[in-house]
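Source file: coords07.cif (mmCIF, C-alpha atoms (C1' of nucleotides))
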data_coords
#
loop_
_atom_site.label_atom_id
_atom_site.label_comp_id
_atom_site.auth_asym_id
_atom_site.auth_seq_id
_atom_site.Cartn_x
_atom_site.Cartn_y
_atom_site.Cartn_z
CA MET A 248 0.00 0.00 0.00
CA ARG A 249 2.78 2.45 -0.81
CA ASP A 250 1.92 5.83 -2.32
CA GLU A 251 1.59 4.96 -5.97
CA ALA A 252 -0.36 6.57 -8.79
CA PRO A 253 -3.89 5.22 -8.44
CA TRP A 254 -4.07 3.83 -11.93
CA LEU A 255 -2.18 3.76 -15.22
CA ASP A 256 -1.83 6.93 -17.26
CA GLU A 257 -3.10 7.04 -20.80
CA ALA A 258 0.10 5.86 -22.49
CA GLU A 259 0.48 3.01 -20.02
CA MET A 260 -3.14 1.99 -20.43
CA THR A 261 -2.84 1.90 -24.20
CA THR A 262 0.26 -0.25 -23.92
CA TRP A 263 -1.32 -2.51 -21.34
CA LEU A 264 -4.43 -3.17 -23.43
CA ALA A 265 -2.34 -4.08 -26.45
CA LEU A 266 0.00 -6.27 -24.45
CA ILE A 267 -2.74 -8.12 -22.60
CA GLY A 268 -4.55 -8.52 -25.92
CA VAL A 269 -1.56 -10.32 -27.38
CA VAL A 270 -1.15 -12.37 -24.21
CA MET A 271 -4.77 -13.53 -24.25
CA ARG A 272 -5.17 -14.14 -27.97
CA LEU A 273 -1.85 -15.48 -29.19
CA PRO A 274 -2.13 -18.97 -27.66
CA GLY A 275 -5.54 -19.50 -29.19
CA ALA A 276 -4.34 -18.37 -32.59
CA LEU A 277 -1.40 -20.78 -32.45
CA GLU A 278 -3.48 -23.69 -31.28
CA VAL A 279 -5.85 -23.58 -34.23
CA GLN A 280 -2.97 -24.35 -36.56
CA LEU A 281 -1.31 -26.93 -34.30
CA ARG A 282 -4.58 -28.76 -33.73
CA ARG A 283 -5.34 -28.82 -37.43
CA ASP A 284 -1.88 -29.86 -38.64
CA ALA A 285 -0.78 -32.24 -35.90
CA ASP A 286 -3.53 -32.58 -33.30
CA LEU A 287 -1.44 -30.89 -30.61
CA ASN A 288 -2.06 -27.97 -28.29
CA HIS A 289 0.59 -25.31 -27.83
CA PHE A 290 1.97 -26.69 -24.59
CA GLU A 291 2.31 -30.18 -26.04
CA TYR A 292 4.06 -28.69 -29.04
CA SER A 293 6.52 -26.77 -26.87
CA VAL A 294 7.29 -29.94 -24.92
CA LEU A 295 8.21 -31.76 -28.12
CA VAL A 296 10.23 -28.78 -29.40
CA GLY A 297 12.03 -28.54 -26.07
CA LEU A 298 13.06 -32.18 -26.26
CA GLU A 299 14.09 -31.89 -29.90
CA HIS A 300 16.59 -29.17 -29.05
CA ALA A 301 18.00 -31.08 -26.08
CA GLU A 302 21.08 -33.31 -26.14
CA GLY A 303 19.95 -36.77 -27.18
CA GLY A 304 16.38 -35.56 -27.33
CA THR A 305 16.35 -36.05 -23.57
CA MET A 306 15.64 -33.71 -20.67
CA ARG A 307 14.70 -33.80 -17.01
CA MET A 308 11.00 -33.20 -16.33
CA SER A 309 11.73 -30.20 -14.10
CA ASP A 310 13.95 -28.49 -16.62
CA LEU A 311 11.50 -29.19 -19.39
CA ALA A 312 8.63 -27.70 -17.39
CA PHE A 313 10.60 -24.52 -16.79
CA LEU A 314 11.64 -24.27 -20.42
CA CYS A 315 8.03 -24.67 -21.51
CA ASN A 316 6.82 -22.03 -19.05
CA GLY A 317 4.53 -24.48 -17.28
CA SER A 318 4.18 -26.13 -13.88
CA LEU A 319 5.66 -29.53 -13.20
CA SER A 320 2.20 -30.87 -12.52
CA ARG A 321 0.97 -29.67 -15.87
CA LEU A 322 3.93 -31.28 -17.61
CA SER A 323 3.36 -34.51 -15.74
CA HIS A 324 -0.21 -34.79 -17.02
CA VAL A 325 0.79 -33.82 -20.54
CA ALA A 326 3.75 -36.21 -20.53
CA ARG A 327 1.40 -39.09 -19.69
CA ARG A 328 -0.77 -38.22 -22.68
CA LEU A 329 2.22 -37.84 -24.99
CA GLU A 330 3.69 -41.09 -23.72
CA ASN A 331 0.41 -42.92 -24.29
CA GLU A 332 0.50 -41.66 -27.86
CA GLY A 333 4.08 -42.88 -28.19
CA LEU A 334 5.48 -39.43 -28.92
CA ILE A 335 7.82 -39.41 -25.94
CA GLU A 336 9.08 -41.95 -23.41
CA ARG A 337 10.06 -41.53 -19.77
CA PHE A 338 12.67 -43.35 -17.73
CA ALA A 339 14.46 -42.97 -14.43
CA CYS A 340 17.53 -40.73 -14.28
CA PRO A 341 20.63 -42.81 -13.58
CA ASP A 342 22.38 -39.98 -11.68
CA ASP A 343 19.55 -38.89 -9.41
CA GLY A 344 16.92 -41.35 -8.29
CA ARG A 345 14.37 -38.58 -7.81
CA SER A 346 14.51 -37.33 -11.38
CA THR A 347 12.67 -38.58 -14.43
CA LEU A 348 14.03 -38.10 -17.92
CA ALA A 349 11.81 -37.60 -20.95
CA ARG A 350 12.97 -38.51 -24.44
CA LEU A 351 11.53 -37.70 -27.85
CA THR A 352 10.73 -40.81 -29.89
CA ALA A 353 10.85 -41.21 -33.66
CA PRO A 354 7.06 -40.86 -33.95
CA GLY A 355 7.41 -37.76 -31.82
CA ARG A 356 9.83 -36.26 -34.32
CA GLU A 357 7.45 -37.10 -37.14
CA ARG A 358 4.58 -35.38 -35.40
CA LEU A 359 6.77 -32.35 -34.86
CA ALA A 360 7.61 -32.32 -38.56
CA GLN A 361 3.89 -32.26 -39.31
CA ALA A 362 3.35 -29.25 -37.14
CA ALA A 363 6.49 -27.18 -37.62
CA PRO A 364 6.20 -25.71 -41.14
CA GLY A 365 2.72 -24.35 -40.55
CA HIS A 366 3.73 -23.13 -37.13
CA VAL A 367 6.70 -21.17 -38.44
CA ARG A 368 4.59 -19.70 -41.20
CA LEU A 369 1.98 -18.59 -38.69
CA VAL A 370 4.53 -17.09 -36.33
CA ARG A 371 5.92 -15.10 -39.25
CA ASP A 372 2.45 -14.04 -40.36
CA LEU A 373 1.48 -12.85 -36.91
CA VAL A 374 4.73 -11.39 -35.65
CA PHE A 375 7.87 -11.19 -37.74
CA ASP A 376 6.37 -10.08 -41.01
CA GLU A 377 5.08 -7.08 -39.10
CA LEU A 378 8.46 -6.12 -37.62
CA ASP A 379 11.67 -4.95 -39.24
CA ASP A 380 15.02 -6.13 -37.86
CA ASP A 381 15.38 -3.29 -35.43
CA GLU A 382 11.84 -3.69 -34.10
CA THR A 383 12.39 -7.42 -33.70
CA ARG A 384 15.45 -6.78 -31.58
CA GLN A 385 13.61 -4.06 -29.66
CA MET A 386 10.64 -6.33 -28.91
CA GLY A 387 12.94 -9.13 -27.84
CA GLU A 388 14.80 -6.92 -25.42
CA LEU A 389 11.67 -5.50 -23.81
CA ALA A 390 9.95 -8.89 -23.54
CA LYS A 391 13.09 -10.40 -22.04
CA ARG A 392 13.25 -7.78 -19.31
CA ILE A 393 9.57 -8.19 -18.47
CA LEU A 394 9.93 -11.96 -18.45
CA ALA A 395 12.83 -11.68 -16.03
CA ARG A 396 10.56 -9.82 -13.63
CA ILE A 397 7.79 -12.37 -13.95
CA GLN A 398 10.17 -15.25 -13.29
CA SER A 399 11.79 -13.65 -10.25
CA MET B 42 3.93 -24.16 -48.57
CA ARG B 43 5.48 -21.08 -50.15
CA ASP B 44 9.24 -20.74 -50.24
CA GLU B 45 10.00 -19.37 -46.82
CA ALA B 46 13.02 -19.60 -44.59
CA PRO B 47 12.77 -22.97 -42.88
CA TRP B 48 12.90 -21.60 -39.36
CA LEU B 49 13.55 -18.42 -37.42
CA ASP B 50 17.00 -16.85 -37.42
CA GLU B 51 18.81 -16.30 -34.15
CA ALA B 52 17.46 -12.80 -33.46
CA GLU B 53 13.92 -13.88 -34.24
CA MET B 54 14.25 -16.96 -32.06
CA THR B 55 15.52 -14.95 -29.12
CA THR B 56 12.61 -12.56 -29.49
CA TRP B 57 10.12 -15.37 -29.89
CA LEU B 58 11.24 -17.19 -26.76
CA ALA B 59 10.98 -14.02 -24.70
CA LEU B 60 7.59 -13.11 -26.14
CA ILE B 61 6.09 -16.55 -25.71
CA GLY B 62 7.52 -16.63 -22.20
CA VAL B 63 5.62 -13.48 -21.32
CA VAL B 64 2.50 -14.82 -23.02
CA MET B 65 2.57 -18.07 -21.09
CA ARG B 66 3.57 -16.73 -17.68
CA LEU B 67 1.88 -13.37 -17.32
CA PRO B 68 -1.69 -14.67 -16.81
CA GLY B 69 -0.58 -16.98 -14.04
CA ALA B 70 1.33 -14.21 -12.30
CA LEU B 71 -1.70 -11.93 -12.41
CA GLU B 72 -4.09 -14.58 -11.18
CA VAL B 73 -2.20 -15.24 -7.99
CA GLN B 74 -2.86 -11.68 -6.85
CA LEU B 75 -6.46 -11.55 -8.09
CA ARG B 76 -7.32 -14.84 -6.43
CA ARG B 77 -5.76 -13.76 -3.16
CA ASP B 78 -7.25 -10.26 -3.03
CA ALA B 79 -10.69 -10.80 -4.53
CA ASP B 80 -11.15 -14.49 -5.40
CA LEU B 81 -11.29 -13.77 -9.14
CA ASN B 82 -9.40 -15.14 -12.11
CA HIS B 83 -8.01 -12.79 -14.72
CA PHE B 84 -10.85 -13.24 -17.19
CA GLU B 85 -13.48 -12.58 -14.54
CA TYR B 86 -11.57 -9.48 -13.51
CA SER B 87 -11.41 -8.18 -17.06
CA VAL B 88 -15.16 -8.72 -17.43
CA LEU B 89 -15.83 -6.58 -14.37
CA VAL B 90 -13.35 -3.93 -15.52
CA GLY B 91 -14.90 -3.90 -18.97
CA LEU B 92 -18.34 -3.25 -17.51
CA GLU B 93 -17.03 -0.61 -15.13
CA HIS B 94 -15.69 1.43 -18.02
CA ALA B 95 -18.89 1.11 -20.05
CA GLU B 96 -21.75 3.62 -20.14
CA GLY B 97 -24.09 2.80 -17.26
CA GLY B 98 -21.90 -0.17 -16.34
CA THR B 99 -23.73 -2.00 -19.11
CA MET B 100 -22.52 -3.78 -22.24
CA ARG B 101 -23.69 -6.34 -24.78
CA MET B 102 -22.31 -9.84 -24.20
CA SER B 103 -20.71 -9.98 -27.64
CA ASP B 104 -18.94 -6.67 -27.27
CA LEU B 105 -17.81 -7.58 -23.80
CA ALA B 106 -16.39 -10.88 -24.99
CA PHE B 107 -14.40 -9.14 -27.70
CA LEU B 108 -13.14 -6.48 -25.30
CA CYS B 109 -12.00 -9.17 -22.89
CA ASN B 110 -10.24 -11.13 -25.63
CA GLY B 111 -12.37 -14.22 -25.04
CA SER B 112 -14.98 -16.28 -26.85
CA LEU B 113 -18.67 -15.63 -26.37
CA SER B 114 -19.07 -19.14 -25.00
CA ARG B 115 -16.41 -18.51 -22.40
CA LEU B 116 -18.06 -15.26 -21.39
CA SER B 117 -21.44 -16.95 -21.16
CA HIS B 118 -20.13 -19.51 -18.65
CA VAL B 119 -18.27 -16.86 -16.67
CA ALA B 120 -21.27 -14.51 -16.68
CA ARG B 121 -23.40 -17.23 -15.13
CA ARG B 122 -20.90 -17.63 -12.29
CA LEU B 123 -20.59 -13.88 -11.76
CA GLU B 124 -24.36 -13.51 -11.84
CA ASN B 125 -24.78 -16.29 -9.29
CA GLU B 126 -22.38 -14.40 -7.05
CA GLY B 127 -24.38 -11.22 -7.58
CA LEU B 128 -21.48 -9.32 -9.12
CA ILE B 129 -23.28 -8.68 -12.42
CA GLU B 130 -26.82 -9.03 -13.74
CA ARG B 131 -28.09 -9.84 -17.21
CA PHE B 132 -31.22 -8.71 -18.99
CA ALA B 133 -32.65 -8.66 -22.50
CA CYS B 134 -31.64 -5.83 -24.80
CA PRO B 135 -34.67 -3.65 -25.56
CA ASP B 136 -33.39 -2.71 -29.05
CA ASP B 137 -32.41 -6.15 -30.32
CA GLY B 138 -34.19 -9.26 -29.10
CA ARG B 139 -31.16 -11.43 -29.83
CA SER B 140 -28.81 -9.51 -27.58
CA THR B 141 -28.24 -9.80 -23.85
CA LEU B 142 -26.93 -6.92 -21.80
CA ALA B 143 -24.73 -7.37 -18.76
CA ARG B 144 -24.56 -4.80 -16.00
CA LEU B 145 -22.16 -4.37 -13.11
CA THR B 146 -23.90 -4.40 -9.71
CA ALA B 147 -22.88 -2.54 -6.58
CA PRO B 148 -21.35 -5.68 -5.05
CA GLY B 149 -19.49 -6.09 -8.35
CA ARG B 150 -17.97 -2.65 -7.95
CA GLU B 151 -16.96 -3.47 -4.42
CA ARG B 152 -15.24 -6.63 -5.51
CA LEU B 153 -13.41 -4.71 -8.18
CA ALA B 154 -12.26 -2.20 -5.57
CA GLN B 155 -10.82 -5.10 -3.57
CA ALA B 156 -8.81 -6.32 -6.51
CA ALA B 157 -7.74 -3.15 -8.29
CA PRO B 158 -5.06 -1.62 -6.05
CA GLY B 159 -3.06 -4.82 -5.84
CA HIS B 160 -3.55 -5.44 -9.53
CA VAL B 161 -2.21 -2.03 -10.52
CA ARG B 162 0.73 -2.43 -8.21
CA LEU B 163 1.54 -5.80 -9.73
CA VAL B 164 1.22 -4.54 -13.30
CA ARG B 165 3.65 -1.77 -12.41
CA ASP B 166 6.03 -4.18 -10.71
CA LEU B 167 6.08 -6.55 -13.66
CA VAL B 168 5.93 -4.16 -16.58
CA PHE B 169 5.97 -0.41 -16.21
CA ASP B 170 8.62 -0.08 -13.52
CA GLU B 171 10.91 -1.85 -15.97
CA LEU B 172 10.19 0.52 -18.89
CA ASP B 173 10.89 4.22 -19.37
CA ASP B 174 8.33 6.39 -21.17
CA ASP B 175 9.82 5.82 -24.58
CA GLU B 176 10.01 2.07 -24.12
CA THR B 177 6.41 2.01 -22.89
CA ARG B 178 5.29 3.77 -26.05
CA GLN B 179 7.50 1.49 -28.16
CA MET B 180 6.09 -1.68 -26.58
CA GLY B 181 2.55 -0.42 -26.99
CA GLU B 182 3.03 0.28 -30.64
CA LEU B 183 4.59 -3.09 -31.42
CA ALA B 184 2.03 -5.04 -29.40
CA LYS B 185 -0.79 -3.13 -31.06
CA ARG B 186 0.43 -4.01 -34.53
CA ILE B 187 0.84 -7.68 -33.63
CA LEU B 188 -2.58 -7.73 -32.00
CA ALA B 189 -4.12 -6.29 -35.16
CA ARG B 190 -2.71 -9.23 -37.10
CA ILE B 191 -4.00 -11.77 -34.59
CA GLN B 192 -7.47 -10.25 -34.66
CA SER B 193 -7.70 -10.10 -38.45
"C1'" DC C 27 -45.25 -12.90 -45.75
"C1'" DC C 28 -42.31 -16.84 -45.75
"C1'" DT C 29 -37.87 -18.97 -46.67
"C1'" DG C 30 -33.27 -19.25 -45.83
"C1'" DC C 31 -29.14 -17.07 -44.00
"C1'" DT C 32 -26.83 -14.73 -40.37
"C1'" DT C 33 -26.20 -13.02 -35.70
"C1'" DC C 34 -26.48 -13.48 -30.59
"C1'" DA C 35 -26.37 -16.32 -26.91
"C1'" DT C 36 -26.68 -20.54 -24.07
"C1'" DT C 37 -25.69 -25.32 -22.93
"C1'" DG C 38 -23.51 -30.01 -21.94
"C1'" DA C 39 -19.73 -32.87 -22.71
"C1'" DA C 40 -14.99 -33.46 -23.38
"C1'" DC C 41 -10.80 -31.87 -22.32
"C1'" DC C 42 -7.10 -29.41 -19.87
"C1'" DT C 43 -5.04 -27.06 -15.88
"C1'" DT C 44 -4.62 -26.13 -11.09
"C1'" DC C 45 -4.37 -27.27 -6.47
"C1'" DA C 46 -3.28 -29.97 -2.64
"C1'" DA C 47 -1.93 -34.31 -1.04
"C1'" DC C 48 1.26 -37.71 -1.33
"C1'" DC C 49 5.51 -40.46 -1.87
"C1'" DA C 50 10.28 -41.47 -2.77
"C1'" DA C 51 15.01 -40.02 -2.96
"C1'" DC C 52 18.51 -37.01 -1.49
"C1'" DC C 53 20.97 -34.14 1.83
"C1'" DT C 54 22.74 -32.50 6.15
"C1'" DA C 55 23.29 -31.41 11.03
"C1'" DG C 56 23.81 -33.46 15.25
"C1'" DC D 81 23.38 -43.32 11.25
"C1'" DT D 82 19.22 -41.03 11.45
"C1'" DA D 83 15.66 -37.37 11.93
"C1'" DG D 84 14.00 -33.58 9.61
"C1'" DG D 85 13.88 -30.86 5.73
"C1'" DT D 86 14.19 -30.23 0.72
"C1'" DT D 87 13.75 -31.56 -4.07
"C1'" DG D 88 11.56 -34.13 -7.98
"C1'" DG D 89 7.62 -36.15 -9.56
"C1'" DT D 90 2.88 -38.15 -9.81
"C1'" DT D 91 -2.01 -38.29 -8.89
"C1'" DG D 92 -7.16 -37.37 -8.24
"C1'" DA D 93 -10.49 -34.04 -7.69
"C1'" DA D 94 -12.25 -29.60 -8.61
"C1'" DG D 95 -12.79 -26.04 -11.54
"C1'" DG D 96 -12.45 -23.54 -16.07
"C1'" DT D 97 -12.31 -23.50 -21.26
"C1'" DT D 98 -13.34 -25.28 -25.75
"C1'" DC D 99 -16.10 -27.31 -29.11
"C1'" DA D 100 -20.21 -28.52 -31.38
"C1'" DA D 101 -25.08 -28.48 -31.15
"C1'" DT D 102 -29.10 -25.86 -30.37
"C1'" DG D 103 -32.42 -22.24 -30.63
"C1'" DA D 104 -34.34 -17.66 -30.79
"C1'" DA D 105 -34.41 -13.29 -33.24
"C1'" DG D 106 -33.34 -10.34 -37.06
"C1'" DC D 107 -32.83 -9.58 -42.06
"C1'" DA D 108 -33.16 -9.78 -47.09
"C1'" DG D 109 -34.93 -11.50 -51.51
"C1'" DG D 110 -38.55 -13.28 -54.13
#

Is it possible to express this structure as C-alpha cells?
Amino acid sequence: MRDEAPWLDEAEMTTWLALIGVVMRLPGALEVQLRRDADLNHFEYSVLVGLEHAEGGTMRMSDLAFLCNGSLSRLSHVARRLENEGLIERFACPDDGRSTLARLTAPGRERLAQAAPGHVRLVRDLVFDELDDDETRQMGELAKRILARIQS
Amino acid sequence: MRDEAPWLDEAEMTTWLALIGVVMRLPGALEVQLRRDADLNHFEYSVLVGLEHAEGGTMRMSDLAFLCNGSLSRLSHVARRLENEGLIERFACPDDGRSTLARLTAPGRERLAQAAPGHVRLVRDLVFDELDDDETRQMGELAKRILARIQS
DNA sequence: CCTGCTTCATTGAACCTTCAACCAACCTAG
DNA sequence: CTAGGTTGGTTGAAGGTTCAATGAAGCAGG
C-alpha cells in the first residue's frame, strides 16, 4: 500500500491493453494451426520442441517444465498423454533417483515435422512479417526484461 | 507451402522465446494476486473492468467478450458464475431481441475495488517499472500491430 | 409474408489445468 | 546413522475452457 499513482496513465493503459490482448489471444491463434496440422495444443508442441533441441532428445522433467513455461504438474499430465501416444518416453535418471528423464521418440519427431512448417509460417504471419530487424530486436529486449521480472 | 526460410534466425528466435515466455507466464502471475485479493481469475476481472468502463456499467455480451479477448461461450459460462455471485446481472436488450446486456452491480464494484489496487501495483512491478516512457510507447506500438494481425 | 441465412447467446460434454496431497530419494546437522 | 527438511515427480479431484449443437431473433430477396 505504498503511495503509488492510483491507476495507469493514458500511455500506459494503451500499452497494457495491447499487451494483454496479445497475451490472451496469441495462444488460441497458435493452437488452431497446431490442432489442425498435428492434433497438438501449444503446450504439447513446446514440450516436443524442447526435447528436440536437447542433447539426445532427452531432458529432465523439471527443466522441461521450466523451459516450456509451465508447472511440473501440468507437464506430468501432458507427458502421460504424450507417452500414451508414443510421442515421448520416460525413464528414471541414472544420476539422481528422484529425477525422471523424458525422451523424444521417432514418432514424436514425425509429429513435430507435421506441425512445424505451418507453425513457423503462422509465427511469421502474426509477428515477424510485421516487424523490421530493429523492431524485432527491440521487442525481444523488452519482452526479455519483463519476463525476467515475472520469473523472479 | 510457399518458399519461406525454414525456421527463425537467431534474433527472431531470441525474441520469440521471450515473447512466448511473457505470453505463457503473465496470466498466471496476475491470477495469484487476483485470487488472493478478490477471489477472481483474470478473465473474470477483465469482465468486471470492462463493464465498469462502459456507459451505465452495461454492455452487450458480444462486445464484452471481444473487449475481454475471449470467446462468447467462455463469457457466457463466466457470466453465469458472476451472476450467481451477484457481481453482475443480465437482462434482454430492448433494441435487439437477440442480444443480452450485462450490468455491473454494486457488489461487483466493491469486488473490483478489492482487486484493483493490488492489480495495478503488480502490473507496475512486472511491466511499467521496468520501462521508461519511450520504451512504454515502443512496446505499446509493437504489441498493437501484432494484436491487429492476430485479430484479423 | 415466408424462406433461408446470419447473428447473438446458451448449454452439456470433453478436455485441460490447477491445487493440494502424497511419496520417494537425497541431503545435512547433530 | 538417522531425523528432519528439501527436491523431484505423480495423482485425483475440482474447476475452467473449448467445441459442437441448439435455438431464438433479425434480415433480405422473391

Select from chain B every residue with an atom at most 7 Å from any atom of chain D, then for each give the shortest pair of atoms and their distance in Å to one decimal, using only C-alpha atoms (C1' of nucleotides), rows by chain and rising number, as JSON lines.
{"residue": "B:Arg115", "atom": "CA", "partner": "D:DT97", "partner_atom": "C1'", "distance": 6.6}
{"residue": "B:Gly138", "atom": "CA", "partner": "D:DA105", "partner_atom": "C1'", "distance": 5.8}
{"residue": "B:Arg139", "atom": "CA", "partner": "D:DA105", "partner_atom": "C1'", "distance": 5.1}

Exercise for the section: Can you give me, as a PyMOL selection string, the residues this file yields under the PyMOL selection byres ((chain A and resi 348) around 12)? Expected result: (chain A and resi 298+301-312+323+326+335-347+349-351) or (chain D and resi 88-89)

Taking only residues of chain C that have an atom at most 12 Å from an atom of chain A, what is each one's shortest atom pair and its distance in Å to one decimal, using only C-alpha atoms (C1' of nucleotides), in chain and number order, as JSON lines?
{"residue": "C:DC41", "atom": "C1'", "partner": "A:Asn288", "partner_atom": "CA", "distance": 11.3}
{"residue": "C:DC42", "atom": "C1'", "partner": "A:Arg321", "partner_atom": "CA", "distance": 9.0}
{"residue": "C:DT43", "atom": "C1'", "partner": "A:Arg321", "partner_atom": "CA", "distance": 6.6}
{"residue": "C:DT44", "atom": "C1'", "partner": "A:Arg321", "partner_atom": "CA", "distance": 8.2}
{"residue": "C:DC45", "atom": "C1'", "partner": "A:Ser320", "partner_atom": "CA", "distance": 9.6}
{"residue": "C:DA46", "atom": "C1'", "partner": "A:Ser320", "partner_atom": "CA", "distance": 11.3}
{"residue": "C:DC49", "atom": "C1'", "partner": "A:Arg345", "partner_atom": "CA", "distance": 10.8}
{"residue": "C:DA50", "atom": "C1'", "partner": "A:Arg345", "partner_atom": "CA", "distance": 7.1}
{"residue": "C:DA51", "atom": "C1'", "partner": "A:Arg345", "partner_atom": "CA", "distance": 5.1}
{"residue": "C:DC52", "atom": "C1'", "partner": "A:Arg345", "partner_atom": "CA", "distance": 7.7}

Exercise for the section: To verify the selection step, state as a PyMOL selection string which residues the PyMOL selection byres ((chain B) within 6 of (chain A)) yields on this input. Expected result: chain B and resi 56+59-60+63-64+167-168+181+184-185+187-188+190

Handout entry: Selected residue of minimal separation from His83 of chain B among B:Glu124, B:Phe107, B:Leu153, B:Asp50, counting all atoms listed in the file
Key = B:Leu153

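The coordinates place atom CA of Val73 of chain B at 23.8 Å from atom CA of Ser293 of chain A.
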
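The space separating atom CA of Leu116 of chain B from atom CA of Gln74 of chain B comes to 21.3 Å.
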
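One distance worth recording is that between atom CA of Leu89 of chain B and atom C1' of DT33 of chain C, which is 24.6 Å.
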